[in-house]
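S.K.: The structure's right below; bear with me while I get my questions together.
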Amino acid sequence: MYIIETIPIKRGPSKDTLSYFHKDPLTAGTIVSAPIRGRLINALVLKSDSISSQKMSLKESPFALKKIAKVKSGAIFSKPFIEAVNASSDIFIGSAGSVLSALSPKTILENANKVALSEIPEKKEMPGVVSEHLISQDETDERMALYKSIIREEFAKNKSVFFCLPTNVDVKKVGKILEKGIEEYSYTFHNGLKDKDILHLWNKAVKEKHPIIVISTGTFLSIPRNDLGLIIVDKESSRHYKLQTKPYIDIRKFAEIYADKIKGRVIFGDIALRVETMWRFRNNDLSNILPPKFKYLTGAEVSLVDMRTPIDEEKKDFSTLSPEIRALIETTKENNQNMFIFSARRGLSPTTVCGDCGEIVKCGNCNTPITLHKNASKKIYLCHRCNNIENPERKCLFCGSWKLVPLGIGIETIEEELKEKYPDIKIFKVDSDSKKTEKSVILEIEKWHESPGSILLGTELAIPYTSSAENVAVASIDALFSVPDFRINEKVLGIILEMRSYATRKFLVQTRNPEQSSIKAGATGNLLDFYRDEVEERKGFDFPPFFDFIKISLSGDKNTITKEMTVLQEDFKDYAIDIFPALSMNTKGKSVINALFKIKKGEWPEKTLLQKLKTLPPKFSIKFDPESFL
């Protein structure tokens with residue numbers, strides 16, 4: 001008889017491990033059906049011990065062990081993957097079961113009895129072999145060419161490759177590039193596949209004797225290839241790598257941990273890597289394949305337009321479009337070219353303030369700043385957080401004034417002016433208000449490409465689906481700087497560089513912040529000053545990469561959660577902790593209070609603090625390295 005230690009496979013909070021008994025030892029990675037709270041759940045076997053070796057602990061146990069109900073399959077995950085899951089559960093302060101669930105396709109977990117088992121033998125331990133952590137900072141075409149060469153080198157060494165991307169859109173786009181010439185050994189997983197197709201492709205990839213490349217999001221990192229030698233994490237700066245459900249895993253960090261367990265290589269690539277990543281490179285924590293690029297050239301003519309009105313110049317009627325953009329639109333029309341105009345925000349105006357007291361107009365439901373939109377023929381206020389709609393004929397809730405002033409440029413404002421000034425030009429629009437499905441986005445962009453002399457007006461939603469255009473303009477980017485996020489500068493830089501790379505003839509950025517380092521760096525393609533300024537600024541505030549942060553959030557009745565957070569602060573009095581109200585309520589209109597721990601880089605996970613955090617009730621939301629402190 002054997003004691004079987006398992007991880008419950010589910011997203012919700014649970015103990016790290018649960019123990020059962022079984023007549024036979026079970027291999028780590030085996031899926032079993034086990035009883036918990038009166039129902040059967042899937043669980044992953046961590047290890048097996050004979051009951052004879054555990055007699056003392058069994059005598060002292062306050063409860064009797066239950067029996068494994070059914071062995072559903074053999075080891076469907078590799079040993080290094082399970083080890084990486086356990087290590088990650090400490091980093092992200094979650095259960096190993098929730099980490100495993102987040103990194104494994106639901107189709108595979110629910111069909112464990114139909115999943116093929118790997119026939120490739122586990123790697124033998126090689127003394128002295130260590131993992132390599134590398135970077136590749138270059139333009140997309142150059143990175144892809146480099147990756148193709150590296151993938152073939154890995155194949156020659158009988159090693160497989162996992163190519164990780166942040167979104168399914170990226171997977172489909174990049175998959176077409178990387179598969180060429182090696183289609184027989186390429187396996188691309190995305191959300192367009194049906195469950196039966198995922199299962200078929202998974203089993204085929206597992207049984208393939210030749211080294212393979214898997215192209216997918218982090219969800220498929222669990223695919224068991226004992227010959228895995230390289231993980232490539234491209235578009236490394238994308239925020240989509242951070243999962244939005246517990247335990248809020250960062251796929252980039254998991255990939256690095258997994259590479260250590262397989263003693264392989266991990267490559268982080270992007271046109272502009274995160275500030276933290278470049279800081280690590282500068283401090284020899286990461287190496288490079290080729291020297292990273294800090295200066296990007298372009299064949300397009302680049303213009304940076306200052307939209308501020310000089311003090312000595314008479315103010316004219318407000319226009320969202322500068323004379324330079326208008327001239328570029330005329331050129332686009334006359335020469336039957338295509339033009340992409342980018343707007344950072346949806347709606348008419350991203351922000352509205354009271355003209356008397358200066359208070360920002362906020363959602364009555366969740367207290368988030370609301371955006372002015374045009375719905376059919378009437379205007380409305382729409383909250384982009386909880387989708388609450390409010391009448392624009394409202395007073396300031398702070399002082400009661402009717403004088404509400406819309407500020408900033410939204411995509412609808414640009415659209416209105418384009419239609420008014422250029423009624424004979426076809427305008428196509430892609431944002432989450434007008435295009436609700438991926439199919440509708442693709443169709444809209446195809447129509448634009450097929451219509452010479454037309455304009456595509458889009459938000460960030462349009463960027464991954466677009467490839468190139470003769471003329472590209474950033475009409476609205478300044479609104480992003482109002483976002484309370486210390487990483488917003490690198491986000492702005494990434495957007496402008498991406499847009500710049502699409503332009504084949506002319507690229508234009510209009511802004512009221514022409515001296516802002518991220519805008520200058522994006523427009524000129526010169527990144528050195530940007531990285532230096534960002535690192536110095538973060539150092540002054542003790543921000544990452546110099547410190548790690550852990551944020552605990554609690555929502556509910558304001559008085560109740562205030563008392564509970566006061567108790568929490570006392571419980572953690574031995575640690576530096578700040579308690580403060582969140583910038584806005586949650587989507588259900590409940591108050592939110594945050595607690596923030598600051599930990600010196602390299603000191604996490606700290607065992608005592610980790611133990612205390614893991615014992616907190618599920619109502620506390622815990623995030624390691626949160627995107628926003630507020």
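So you can find residues: chains in the structure tokens are A, B, ... in the order shown, residues in each start at 1, and ligands are numbered from 1 in order.
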Listing only residues of region 472-552 of chain A within 7 Å of region 261-279 of chain A, what is the closest atom pair and its distance in Å (to one decimal) for each, using only C-alpha atoms, sorted by chain and residue number ascending, as a Markdown table?

M.R.:
```
| residue | atom | partner | partner_atom | distance |
| --- | --- | --- | --- | --- |
| A:Glu490 | CA | A:Arg274 | CA | 6.9 |
| A:Gly494 | CA | A:Ala272 | CA | 6.3 |
| A:Tyr531 | CA | A:Val275 | CA | 6.4 |
| A:Pro544 | CA | A:Glu276 | CA | 6.7 |
| A:Pro545 | CA | A:Glu276 | CA | 5.0 |
```

S.K.: Emit the selected residues as a JSON list (two decimals), in the first residue's frame, including N, CA and C atoms.

M.R.:
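And here is the file that came out, result_18.json:
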```
[["chain", "number", "residue", "atom", "x", "y", "z"],
["A", 490, "GLU", "N", 7.14, 52.50, -21.12],
["A", 490, "GLU", "CA", 7.60, 51.45, -22.02],
["A", 490, "GLU", "C", 6.46, 50.93, -22.89],
["A", 494, "GLY", "N", 6.65, 50.98, -26.99],
["A", 494, "GLY", "CA", 6.37, 49.79, -27.79],
["A", 494, "GLY", "C", 5.34, 50.05, -28.87],
["A", 531, "TYR", "N", 16.15, 54.03, -22.05],
["A", 531, "TYR", "CA", 16.47, 53.04, -21.02],
["A", 531, "TYR", "C", 17.22, 53.68, -19.85],
["A", 544, "PRO", "N", 10.64, 48.35, -9.49],
["A", 544, "PRO", "CA", 11.34, 47.32, -10.25],
["A", 544, "PRO", "C", 12.20, 47.99, -11.34],
["A", 545, "PRO", "N", 13.40, 47.51, -11.62],
["A", 545, "PRO", "CA", 13.95, 46.21, -11.25],
["A", 545, "PRO", "C", 14.70, 46.16, -9.92]]
```

S.K.: Do you know which residues are at most 6 Å from region 362-372 of chain A counting only C-alpha atoms, after dropping those on the same chain fewer than 5 positions away, and could you put them as a VMD selection string?

M.R.: chain A and resid 347 to 351 380 to 383 584 to 587 589

S.K.: Could the residues in this selection be written to a file with all heavy atoms, as a CSV table (one decimal), in the first residue's frame?

M.R.:
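Dumped to part-v3.csv:
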```csv
chain,number,residue,atom,x,y,z
A,347,GLY,N,-13.9,56.1,-27.8
A,347,GLY,CA,-14.9,57.1,-27.4
A,347,GLY,C,-14.5,58.5,-28.0
A,347,GLY,O,-13.6,58.6,-28.9
A,348,LEU,N,-15.3,59.5,-27.6
A,348,LEU,CA,-15.1,60.9,-28.0
A,348,LEU,C,-14.0,61.6,-27.3
A,348,LEU,O,-13.0,62.1,-27.8
A,348,LEU,CB,-16.4,61.7,-27.9
A,348,LEU,CG,-17.5,61.3,-28.9
A,348,LEU,CD1,-18.8,62.0,-28.4
A,348,LEU,CD2,-17.2,61.8,-30.3
A,349,SER,N,-14.1,61.5,-25.9
A,349,SER,CA,-13.1,62.1,-25.0
A,349,SER,C,-12.8,61.2,-23.9
A,349,SER,O,-13.7,60.7,-23.2
A,349,SER,CB,-13.6,63.4,-24.5
A,349,SER,OG,-13.8,64.4,-25.5
A,350,PRO,N,-11.5,60.8,-23.7
A,350,PRO,CA,-11.1,59.9,-22.7
A,350,PRO,C,-11.4,60.3,-21.2
A,350,PRO,O,-11.7,59.5,-20.4
A,350,PRO,CB,-9.6,59.7,-22.8
A,350,PRO,CG,-9.3,60.2,-24.2
A,350,PRO,CD,-10.3,61.2,-24.5
A,351,THR,N,-11.4,61.7,-21.0
A,351,THR,CA,-11.6,62.2,-19.7
A,351,THR,C,-12.5,63.4,-19.7
A,351,THR,O,-12.5,64.2,-20.7
A,351,THR,CB,-10.2,62.7,-19.1
A,351,THR,OG1,-9.3,61.6,-19.2
A,351,THR,CG2,-10.4,63.1,-17.6
A,380,ILE,N,-23.3,59.6,-24.7
A,380,ILE,CA,-23.4,58.9,-23.4
A,380,ILE,C,-22.1,58.8,-22.7
A,380,ILE,O,-21.0,59.0,-23.4
A,380,ILE,CB,-23.9,57.4,-23.6
A,380,ILE,CG1,-22.9,56.6,-24.5
A,380,ILE,CG2,-25.3,57.4,-24.1
A,380,ILE,CD1,-23.2,55.1,-24.4
A,381,TYR,N,-22.1,58.6,-21.4
A,381,TYR,CA,-20.9,58.3,-20.7
A,381,TYR,C,-20.8,56.8,-20.5
A,381,TYR,O,-21.8,56.2,-20.0
A,381,TYR,CB,-20.9,59.0,-19.3
A,381,TYR,CG,-20.4,60.4,-19.3
A,381,TYR,CD1,-21.3,61.5,-18.9
A,381,TYR,CD2,-19.2,60.8,-19.8
A,381,TYR,CE1,-20.9,62.8,-18.9
A,381,TYR,CE2,-18.8,62.1,-19.9
A,381,TYR,CZ,-19.7,63.1,-19.4
A,381,TYR,OH,-19.3,64.4,-19.4
A,382,LEU,N,-19.7,56.2,-20.8
A,382,LEU,CA,-19.5,54.8,-20.7
A,382,LEU,C,-18.3,54.5,-19.9
A,382,LEU,O,-17.2,55.0,-20.1
A,382,LEU,CB,-19.3,54.1,-22.1
A,382,LEU,CG,-19.0,52.6,-22.1
A,382,LEU,CD1,-20.2,51.8,-21.6
A,382,LEU,CD2,-18.7,52.2,-23.5
A,383,CYS,N,-18.5,53.6,-18.9
A,383,CYS,CA,-17.4,53.2,-18.1
A,383,CYS,C,-16.7,51.9,-18.7
A,383,CYS,O,-17.4,50.9,-18.9
A,383,CYS,CB,-17.8,52.8,-16.6
A,383,CYS,SG,-16.5,52.1,-15.6
A,584,SER,N,-10.1,53.1,-7.7
A,584,SER,CA,-11.5,52.9,-8.0
A,584,SER,C,-12.1,51.7,-7.3
A,584,SER,O,-11.4,50.9,-6.8
A,584,SER,CB,-11.6,52.8,-9.5
A,584,SER,OG,-10.9,51.7,-10.0
A,585,MET,N,-13.4,51.6,-7.4
A,585,MET,CA,-14.1,50.5,-6.8
A,585,MET,C,-14.0,49.3,-7.8
A,585,MET,O,-13.5,49.5,-8.9
A,585,MET,CB,-15.6,50.8,-6.6
A,585,MET,CG,-15.8,51.9,-5.6
A,585,MET,SD,-17.5,52.3,-5.4
A,585,MET,CE,-17.5,53.7,-4.2
A,586,ASN,N,-14.4,48.1,-7.4
A,586,ASN,CA,-14.4,47.0,-8.3
A,586,ASN,C,-15.6,47.1,-9.2
A,586,ASN,O,-16.4,48.0,-9.1
A,586,ASN,CB,-14.3,45.7,-7.6
A,586,ASN,CG,-15.5,45.3,-6.8
A,586,ASN,OD1,-16.6,46.0,-6.9
A,586,ASN,ND2,-15.4,44.3,-5.9
A,587,THR,N,-15.7,46.1,-10.2
A,587,THR,CA,-16.8,46.2,-11.2
A,587,THR,C,-18.2,46.0,-10.5
A,587,THR,O,-19.2,46.4,-11.2
A,587,THR,CB,-16.6,45.1,-12.2
A,587,THR,OG1,-16.5,43.8,-11.6
A,587,THR,CG2,-15.4,45.3,-13.0
A,589,GLY,N,-19.1,47.7,-7.9
A,589,GLY,CA,-19.3,48.9,-7.1
A,589,GLY,C,-18.9,48.8,-5.6
A,589,GLY,O,-19.3,49.6,-4.8
```

S.K.: Show which residues sit within 8 Å of region 148-162 of chain A, as a list in words. Count only C-alpha atoms, and ignore same-chain residues fewer than 4 positions away.

M.R.: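 Counting only the stated atoms, we get Met144, Leu178, His210, Pro211, Ile212, Ile213, Val214, Ile215, Ser216, Leu221, Arg225, Asp227, Leu228, Gly229, Leu230, Ile231 and Ile232 of chain A.
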
S.K.: Write out, as a CSV table (one decimal), in the first residue's frame, the residues just selected, with C-alpha atoms.

M.R.:
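The resulting file, part_10.csv, is shown below:
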```csv
chain,number,residue,atom,x,y,z
A,144,MET,CA,12.2,35.9,-37.1
A,178,LEU,CA,7.9,29.9,-38.6
A,210,HIS,CA,11.6,13.8,-34.6
A,211,PRO,CA,12.3,17.1,-32.7
A,212,ILE,CA,9.4,19.5,-33.1
A,213,ILE,CA,8.5,23.2,-32.6
A,214,VAL,CA,5.3,24.0,-30.7
A,215,ILE,CA,4.0,27.5,-31.4
A,216,SER,CA,1.4,28.7,-28.9
A,221,LEU,CA,3.9,24.8,-22.0
A,225,ARG,CA,8.5,16.7,-24.7
A,227,ASP,CA,13.7,16.5,-25.7
A,228,LEU,CA,12.8,20.2,-25.1
A,229,GLY,CA,15.9,22.3,-25.2
A,230,LEU,CA,14.8,25.8,-26.0
A,231,ILE,CA,11.9,28.1,-25.0
A,232,ILE,CA,11.6,31.4,-27.0
```

S.K.: At what distance in Å, to one decimal, does CA of Pro291 (chain A) lie from CA of Ser186 (chain A)?

M.R.: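 Straight-line distance from CA of Ser186 (chain A) to CA of Pro291 (chain A) works out to 28.5 Å.
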
S.K.: Using only C-alpha atoms, find each residue of region 167-275 of chain A with at least one atom at most 9 Å away from an atom of region 464-475 of chain A; report its shortest atom-to-atom pair and that distance in Å (one decimal), sort the rows by chain and rising residue number, and return the result as a tab-separated table.

M.R.:
```
residue	atom	partner	partner_atom	distance
A:Val169	CA	A:Pro464	CA	6.8
A:Asp170	CA	A:Pro464	CA	6.8
A:Lys173	CA	A:Tyr465	CA	8.1
```

S.K.: Sorted by chain and rising residue number, list the residues of region 418-504 of chain A at most 8 Å from region 519-528 of chain A (counting only C-alpha atoms), each with its closest atom pair and distance in Å to one decimal, as a tab-separated table.

M.R.:
```
residue	atom	partner	partner_atom	distance
A:Val492	CA	A:Ile519	CA	7.1
A:Leu493	CA	A:Gly522	CA	5.2
A:Gly494	CA	A:Gly522	CA	7.4
A:Ile496	CA	A:Gly522	CA	5.1
A:Leu497	CA	A:Gly522	CA	5.0
A:Arg500	CA	A:Ala523	CA	7.2
```

S.K.: Output C-alpha atoms for every residue in that selection, as an mmCIF file, in the first residue's frame.

M.R.:
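Saved as selection_23.cif:
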```
data_model
loop_
_atom_site.group_PDB
_atom_site.id
_atom_site.type_symbol
_atom_site.label_atom_id
_atom_site.label_comp_id
_atom_site.auth_asym_id
_atom_site.auth_seq_id
_atom_site.Cartn_x
_atom_site.Cartn_y
_atom_site.Cartn_z
ATOM 1 C CA VAL A 492 3.991 53.950 -25.199
ATOM 2 C CA LEU A 493 7.450 53.245 -26.605
ATOM 3 C CA GLY A 494 6.372 49.792 -27.786
ATOM 4 C CA ILE A 496 5.100 53.876 -31.382
ATOM 5 C CA LEU A 497 7.941 51.572 -32.471
ATOM 6 C CA ARG A 500 6.746 53.073 -37.054
#
```

S.K.: So, with only C-alpha atoms as the atoms that count, which of A:Thr562, A:Ser628, A:Glu390, A:Cys396 lies closest to Ile488 (chain A)?

M.R.: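 Of the candidates, the smallest distance to Ile488 (chain A) is held by A:Ser628.
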
S.K.: Mind checking which residues fall within 10 Å of Ile41 (chain A), counting only C-alpha atoms, ignoring those fewer than 2 positions away in the same chain, and posting them as a PyMOL selection string?

M.R.: chain A and resi 8-10+32-39+43+69

S.K.: Which residue, A:Leu65, A:Ile135, A:Val305, A:Val233, has the smallest gap to Glu324 (chain A) when you use only C-alpha atoms?

M.R.: A:Val305

S.K.: Excluding Trp402 (chain A) and its own-chain neighbours fewer than 3 positions away, which residues fall within 9 Å of it when counting only C-alpha atoms? Please give them as a short mmCIF file (atom, residue, chain, number, x, y, z; two decimals) with all heavy atoms, in the first residue's frame.

M.R.:
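Output file selection.cif follows:
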```
data_model
loop_
_atom_site.label_atom_id
_atom_site.label_comp_id
_atom_site.auth_asym_id
_atom_site.auth_seq_id
_atom_site.Cartn_x
_atom_site.Cartn_y
_atom_site.Cartn_z
N CYS A 354 -14.71 68.69 -14.22
CA CYS A 354 -15.60 69.80 -13.86
C CYS A 354 -14.86 71.11 -14.11
O CYS A 354 -13.74 71.31 -13.62
CB CYS A 354 -16.01 69.69 -12.40
SG CYS A 354 -17.01 71.09 -11.83
N GLY A 355 -15.49 72.02 -14.86
CA GLY A 355 -14.86 73.29 -15.18
C GLY A 355 -14.76 74.23 -14.00
O GLY A 355 -14.03 75.22 -14.04
N ASP A 356 -15.50 73.95 -12.90
CA ASP A 356 -15.46 74.81 -11.73
C ASP A 356 -14.50 74.32 -10.65
O ASP A 356 -13.71 75.09 -10.12
CB ASP A 356 -16.87 74.95 -11.14
CG ASP A 356 -17.77 75.81 -12.01
OD1 ASP A 356 -17.25 76.75 -12.64
OD2 ASP A 356 -18.97 75.53 -12.08
N GLU A 393 -26.07 64.49 -19.43
CA GLU A 393 -26.68 65.66 -18.78
C GLU A 393 -26.68 65.44 -17.27
O GLU A 393 -27.71 65.24 -16.64
CB GLU A 393 -28.11 65.87 -19.30
CG GLU A 393 -28.22 66.05 -20.80
CD GLU A 393 -27.45 67.27 -21.28
OE1 GLU A 393 -27.40 68.29 -20.55
OE2 GLU A 393 -26.87 67.22 -22.38
N ARG A 394 -25.50 65.47 -16.69
CA ARG A 394 -25.36 65.22 -15.26
C ARG A 394 -24.52 66.31 -14.62
O ARG A 394 -23.80 67.05 -15.30
CB ARG A 394 -24.73 63.86 -15.00
CG ARG A 394 -23.40 63.65 -15.69
CD ARG A 394 -22.65 62.43 -15.21
NE ARG A 394 -22.06 62.65 -13.89
CZ ARG A 394 -21.32 61.74 -13.26
NH1 ARG A 394 -21.10 60.56 -13.81
NH2 ARG A 394 -20.82 62.00 -12.08
N LYS A 395 -24.60 66.41 -13.31
CA LYS A 395 -23.83 67.40 -12.57
C LYS A 395 -22.54 66.78 -12.04
O LYS A 395 -22.39 65.56 -11.98
CB LYS A 395 -24.65 67.93 -11.38
CG LYS A 395 -25.90 68.68 -11.74
CD LYS A 395 -26.60 69.14 -10.46
CE LYS A 395 -27.90 69.86 -10.76
NZ LYS A 395 -28.58 70.30 -9.51
N CYS A 396 -21.62 67.65 -11.65
CA CYS A 396 -20.43 67.19 -10.94
C CYS A 396 -20.87 66.69 -9.57
O CYS A 396 -21.58 67.40 -8.83
CB CYS A 396 -19.44 68.35 -10.79
SG CYS A 396 -18.04 67.97 -9.70
#
```

S.K.: At a cut-off of 9 Å, using only C-alpha atoms, what residues contact region 73-90 of chain A? Leave out same-chain residues fewer than 3 positions from it and give the result as a PDB file with C-alpha atoms, in the first residue's frame.

M.R.:
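Contents of selection-v5.pdb, as written:
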```
ATOM      1  CA  ASP A  16      -0.882  22.801  -2.043  1.00  0.00           C
ATOM      2  CA  LEU A  26       2.029   5.896  -9.111  1.00  0.00           C
ATOM      3  CA  THR A  27       4.450   7.787 -11.350  1.00  0.00           C
ATOM      4  CA  ALA A  28       4.775  11.554 -10.861  1.00  0.00           C
ATOM      5  CA  GLY A  29       2.655  13.286 -13.518  1.00  0.00           C
ATOM      6  CA  THR A  30      -0.091  10.642 -13.506  1.00  0.00           C
ATOM      7  CA  ILE A  31      -3.674  11.940 -13.533  1.00  0.00           C
ATOM      8  CA  VAL A  32      -6.031  10.363 -10.989  1.00  0.00           C
ATOM      9  CA  LEU A  44      -1.895  15.164 -10.470  1.00  0.00           C
ATOM     10  CA  VAL A  45       0.425  12.760  -8.693  1.00  0.00           C
ATOM     11  CA  LEU A  46       3.528  14.372  -7.227  1.00  0.00           C
ATOM     12  CA  ILE A  93       1.827  32.717  -3.866  1.00  0.00           C
ATOM     13  CA  GLY A  94      -0.733  30.232  -5.165  1.00  0.00           C
ATOM     14  CA  SER A  95      -1.401  26.542  -4.958  1.00  0.00           C
ATOM     15  CA  ALA A  96       0.536  24.220  -7.244  1.00  0.00           C
ATOM     16  CA  GLY A  97      -2.826  22.944  -8.514  1.00  0.00           C
ATOM     17  CA  SER A  98      -3.957  26.382  -9.655  1.00  0.00           C
ATOM     18  CA  VAL A  99      -0.616  26.980 -11.412  1.00  0.00           C
ATOM     19  CA  LEU A 100      -0.888  23.641 -13.184  1.00  0.00           C
ATOM     20  CA  LEU A 103      -0.670  26.234 -17.706  1.00  0.00           C
ATOM     21  CA  ALA A 112      -6.657  12.658 -19.487  1.00  0.00           C
ATOM     22  CA  ASN A 113      -7.616   9.078 -20.351  1.00  0.00           C
ATOM     23  CA  LYS A 114      -7.349   9.897 -24.072  1.00  0.00           C
ATOM     24  CA  VAL A 115      -3.998  11.678 -23.875  1.00  0.00           C
ATOM     25  CA  ALA A 116      -0.962   9.969 -25.409  1.00  0.00           C
ATOM     26  CA  LEU A 117       2.034   9.312 -23.192  1.00  0.00           C
ATOM     27  CA  SER A 118       5.496  10.423 -24.216  1.00  0.00           C
ATOM     28  CA  GLU A 122      13.807  11.399 -19.940  1.00  0.00           C
ATOM     29  CA  LEU A 221       3.917  24.832 -22.050  1.00  0.00           C
ATOM     30  CA  SER A 222       2.725  21.656 -20.333  1.00  0.00           C
ATOM     31  CA  ILE A 223       3.086  19.554 -23.488  1.00  0.00           C
ATOM     32  CA  PRO A 224       5.439  16.704 -22.474  1.00  0.00           C
ATOM     33  CA  ARG A 225       8.508  16.710 -24.711  1.00  0.00           C
ATOM     34  CA  ASN A 226      11.455  15.218 -22.861  1.00  0.00           C
ATOM     35  CA  PRO A 247      -2.685  32.899  -9.075  1.00  0.00           C
ATOM     36  CA  ILE A 249       1.112  33.908 -13.144  1.00  0.00           C
ATOM     37  CA  LYS A 253       8.856  34.050 -15.305  1.00  0.00           C
ATOM     38  CA  PHE A 254       7.507  30.510 -15.547  1.00  0.00           C
ATOM     39  CA  ALA A 255       9.331  29.980 -18.855  1.00  0.00           C
ATOM     40  CA  ILE A 257      12.001  28.604 -14.271  1.00  0.00           C
ATOM     41  CA  TYR A 258      11.076  25.801 -16.687  1.00  0.00           C
ATOM     42  CA  ALA A 259      14.258  26.395 -18.719  1.00  0.00           C
ATOM     43  CA  ASP A 260      16.266  25.954 -15.497  1.00  0.00           C
ATOM     44  CA  LYS A 261      14.540  22.629 -14.798  1.00  0.00           C
ATOM     45  CA  ILE A 262      15.251  21.227 -18.283  1.00  0.00           C
ATOM     46  CA  PRO A 605      10.403  34.060  -2.017  1.00  0.00           C
ATOM     47  CA  LEU A 610       5.386  33.222   2.036  1.00  0.00           C
ATOM     48  CA  LYS A 614      -0.448  31.431   1.837  1.00  0.00           C
TER      49      LYS A 614
END
```

S.K.: If you run DSSP over the backbone, which residues in region 231-313 of chain A end up alpha helix (DSSP H)? Put them as a PyMOL selection string.

M.R.: chain A and resi 251-262+275-282
